[in-house]
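J.: One structure, as structure tokens, below. Some questions next.
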Amino acid sequence: MAFLTSLTFGLTGDSVVDAATQGGAWNLSQTNVINWSLADGYFGEFWISPADAITQIDLALNFVEAYANIDFVYTGYFDNPDTAWASGSDITFSLDGTGLITGDSWAVGHFPNSPNAVAAGDIFLNINSEGNFLPSYEAGSQGFFLILHETFHALGLKHTHDDGGSGRPTLSDLGLADINQDWFSVMSYNDELTNDFSFDPATPMLLDVFGLQYLYGANLTIDAGDTTHEIADADLYYTIWDPSGVDWIDITNQQEGWYVELPNTILSDINPVLTGVALPSSDYEDGIPNAPRELVWLMGDIENVSGSPHIDEIHGNRLANSLQGFGGNDLIDGGEGADTAVYSGNQTSYTLALSPTGTSVTDRRADGNGTDTLIDIEFLDFDTDLFGSPFNLDVFAGPAGLTPAQLESFIELYIAYFNRAPDAVGLNFWGTQFANGLTLDEMAALFGPQDETLATYPVGTANDVFATTVYNNVLGRTPDQAGIDFWVGQLDSGNVSRDQFILQVLQGAKSDLKPELGQDFVDQQIADQAFLETKTDIGAYFAVHKGMSDTANASAAMALFDGSAGGTNAAVAAIDGFYADALDAENGEFLMPLVGVLDDPFLV
């Protein structure tokens, strides 16, 4: 006889578990083996093709084993359920044609704690019902749904719309009537897309997995290593359960854009498994699936996504995610954790646009990865990275929240030290440092030991040479003798450091007009301010608006400005030429424009 016994348990207080379970289960405290069999009926009913039935039932049970700590063992094909029970079968799949199964019910599955020990766990297909004549019993069909549904009854799961005869809550009781659908639980009767061949569950659904894992424990060995789960283009629903390893969801072969939300939500206190979902974007509306044609529940620790060639929406989770959108203009949201957006090709084929309202990455190649909107992404990883490692947005992407005056003050440092436009990467680095608390005084001091500074002002450069150079860089003129004598004296005595001197010159150039010192002095102030303002505009045009970082081009463009309108036009034209070359998808530059902080003064 069957040797497993059942156990009965009360309400757990966990809404998810209580909505899924009936209150009875097989007692697997000594073994995780559940024996099953196929049997003809009590009154001569027989399986027309027992081999086919065994194949499909075995497939369904194998799917259950992937989620729960159960080992189903086939014990044989018997002439009736009593013989099967006497031979050790715990769950027997049989037939009934007597009319005892009421109404149009396709089948009846008995709970493990059924009062009749022989019937406990047994399943009877009503041979007089439509369930006996379905055109398909393949995974994802109505026929396979029937096998799963009755099997889950035999394991202790109840309908989502009734209390299981034991006072359990329904989904309606929990205020979740909208998700009382077969894509949420195989135990739901609601099928929005009535199709005999497709659009049905092929495995336990989300609620079913929670119930089965509560009753029998989780299968912790399935996909224990690093696993890539390829989402096939199939019209059915299923669940991916992956408890460990570094894993990928792969939708690269899909024919349309998908919505992917990696597991991040905990629905059950008793079984705090992370849950997520993946489905075609067209089937996702207002935060819930809407009559989906395809749907994949994601459960466990799954970290990474490879997107489709189309427009995807990809959401990471609390783990460290690698998210690759591939083609299409994707939305990639890393969520919590240190997350990486992954891109093919060379970083120099891309434009990273930063703004107060968001961040985007554009692949300028015609057959490339489109333009992706990024949220909570910390790293960009290209096949060929600009600096030999992933680009750290925490280090370079912070200036979008700065004011125009703050950003211009950094540009002025580049002008004063090097007489060039900033490089976008460097400007964004310093802007991020400032946003994180670095002061302008500290920034100016940190410019001093930079390689470019030491190359521009080699060891031994006299203070008068340094001061005269800075004056020319900032104001385009030689300082008056009294002024240069004063500052050289301050530098020689150590009263003022070189970085402090630069800040003083910049501050003086922008100081309020002093009419009390005469008109000539005021005229010089106005000329100095206009000169520095134009150089700052040129620097911003190069690094902020165009997002370029070639320092040789930054110097060449600034060198064309001589204080005249013609010099301004020449510098702008040169930058436009450099930008046209930089846009080349194969031989251009990594561009990093900052949008929405400074107005473009040269916009026509």
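In the structure tokens, chains take the letters A, B, ... in the order shown, each chain's residues start at 1, and ligands count up from 1 in the order shown.
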Could you pull out the helix (DSSP H, G or I) residues of region 30-236 of chain A from DSSP and send them as a ChimeraX atom specification?
T.: /A:50-65,81-86,130-132,142-155,177-179,206-216
J.: Env of region 375-391 of chain A: 6 Å cut, atoms = only C-alpha atoms, seq-sep filter 5 positions within chain, self excluded. Answer as a ChimeraX atom specification.
T.: /A:333-335,338-347
J.: Show me, as a ChimeraX atom specification, the residues that have an atom within 8 Å of Ile332 (chain A) when counting only C-alpha atoms, minus same-chain residues fewer than 6 positions from it.
T.: /A:313-316,323,325,341,372-375,377
J.: At most 12 Å is the cut-off: for each residue in region 338-454 of chain A with any atom that close to an atom of region 565-579 of chain A, write down the nearest atom pair and the distance in Å rounded to one decimal, counting only C-alpha atoms, chain first then increasing number, as JSON lines.
T.:
```
{"residue": "A:Thr351", "atom": "CA", "partner": "A:Tyr579", "partner_atom": "CA", "distance": 11.9}
{"residue": "A:Arg420", "atom": "CA", "partner": "A:Ala571", "partner_atom": "CA", "distance": 11.2}
{"residue": "A:Ala421", "atom": "CA", "partner": "A:Ile575", "partner_atom": "CA", "distance": 10.2}
```
J.: If we count only C-alpha atoms, what is near region 298-307 of chain A at a cut-off of 7 Å, once residues fewer than 5 positions away on the same chain are taken out, given as a PyMOL selection string?
T.: chain A and resi 239-244+246-252+262-263+273-277+312+319-326
J.: Select from region 41-123 of chain A every residue with an atom at most 6 Å from any atom of region 147-166 of chain A, then for each give the shortest pair of atoms and their distance in Å to one decimal, using only C-alpha atoms, rows by chain and rising number, as CSV.
T.:
```
residue,atom,partner,partner_atom,distance
A:Gly109,CA,A:Glu150,CA,4.8
A:His110,CA,A:Ala154,CA,5.3
A:Phe111,CA,A:Ala154,CA,4.8
A:Pro112,CA,A:Ala154,CA,5.9
A:Gly121,CA,A:Ala154,CA,4.3
```
J.: Store the residues picked out above, limited to N, CA and C atoms, as a PDB file, in the first residue's frame.
T.:
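Listed below is the output, out-v3.pdb:
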```
ATOM      1  N   GLY A 109      -9.188  16.282  -8.285  1.00  0.00           N
ATOM      2  CA  GLY A 109      -7.960  15.899  -7.598  1.00  0.00           C
ATOM      3  C   GLY A 109      -8.182  15.954  -6.103  1.00  0.00           C
ATOM      4  N   HIS A 110      -7.884  14.871  -5.408  1.00  0.00           N
ATOM      5  CA  HIS A 110      -8.115  14.791  -3.965  1.00  0.00           C
ATOM      6  C   HIS A 110      -6.897  15.310  -3.201  1.00  0.00           C
ATOM      7  N   PHE A 111      -7.169  16.092  -2.163  1.00  0.00           N
ATOM      8  CA  PHE A 111      -6.095  16.622  -1.322  1.00  0.00           C
ATOM      9  C   PHE A 111      -5.391  15.488  -0.581  1.00  0.00           C
ATOM     10  N   PRO A 112      -4.158  15.698  -0.133  1.00  0.00           N
ATOM     11  CA  PRO A 112      -3.449  14.644   0.615  1.00  0.00           C
ATOM     12  C   PRO A 112      -4.161  14.237   1.899  1.00  0.00           C
ATOM     13  N   GLY A 121      -4.868  12.059  -2.628  1.00  0.00           N
ATOM     14  CA  GLY A 121      -3.860  12.288  -3.652  1.00  0.00           C
ATOM     15  C   GLY A 121      -4.218  11.764  -5.022  1.00  0.00           C
TER      16      GLY A 121
END
```
J.: Show me, as JSON, numbers by chain, the residues that have an atom within 12 Å of Ser282 (chain A) when counting only C-alpha atoms, minus same-chain residues fewer than 5 positions from it.
T.: {"A": [255, 256, 257, 258, 259, 288, 289, 290, 291, 292, 293, 294, 295, 311, 312, 313]}
J.: Pick out the residues sitting within 6 Å of Gly327 (chain A), and hand them over as a list in words; count only C-alpha atoms, and ignore anything fewer than 3 positions along from it in its own chain.
T.: Pro309, His310, Asn369 and Gly370 of chain A
J.: Can you write just those residues out, N, CA and C atoms, as a short mmCIF file (atom, residue, chain, number, x, y, z; two decimals), in the first residue's frame?
T.:
```cif
data_model
loop_
_atom_site.label_atom_id
_atom_site.label_comp_id
_atom_site.auth_asym_id
_atom_site.auth_seq_id
_atom_site.Cartn_x
_atom_site.Cartn_y
_atom_site.Cartn_z
N PRO A 309 16.46 42.90 -29.53
CA PRO A 309 16.85 43.93 -30.51
C PRO A 309 15.84 45.08 -30.59
N HIS A 310 14.82 45.05 -29.76
CA HIS A 310 13.73 46.02 -29.85
C HIS A 310 13.72 46.92 -28.61
N ASN A 369 23.11 50.06 -30.83
CA ASN A 369 22.24 49.77 -29.69
C ASN A 369 21.22 50.86 -29.39
N GLY A 370 21.05 51.83 -30.30
CA GLY A 370 20.04 52.85 -30.10
C GLY A 370 20.41 53.82 -29.00
#
```
J.: I'd like to know which of A:Ser549, A:Thr98, A:Ser349, A:Gln525 is closest to Arg365 (chain A), using only C-alpha atoms.
T.: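 Nearest candidate to Arg365 (chain A) out of A:Ser549, A:Thr98, A:Ser349, A:Gln525: A:Ser349.
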J.: Show me, as number ranges by chain, the residues that have an atom within 9 Å of region 583-599 of chain A when counting only C-alpha atoms, minus same-chain residues fewer than 5 positions from it.
T.: A: 346-357, 363-366, 386, 399-405, 407-408, 424-425, 428, 540, 543-550, 578
J.: With distances taken over only C-alpha atoms, which of A:Val118, A:Ile54, A:Ile266, A:Ile70 is nearest to Trp85 (chain A)?
T.: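 Nearest to Trp85 (chain A): A:Val118.
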J.: By how many Å are CA of Ser89 (chain A) and CA of Thr75 (chain A) apart?
T.: 6.6 Å
J.: Rank nothing, just name the residue among A:Ile91, A:Leu532, A:Ala39, A:Ala20 nearest to Gly211 (chain A), using only C-alpha atoms.
T.: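 Ranked by minimum distance to Gly211 (chain A), first place goes to A:Ala20.
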J.: Using only C-alpha atoms, can you tell me which of A:Gln433, A:Ser497, A:Ser49, A:Gln56 comes closest to Tyr137 (chain A)?
T.: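 Closest to Tyr137 (chain A) of all the choices is A:Gln56.
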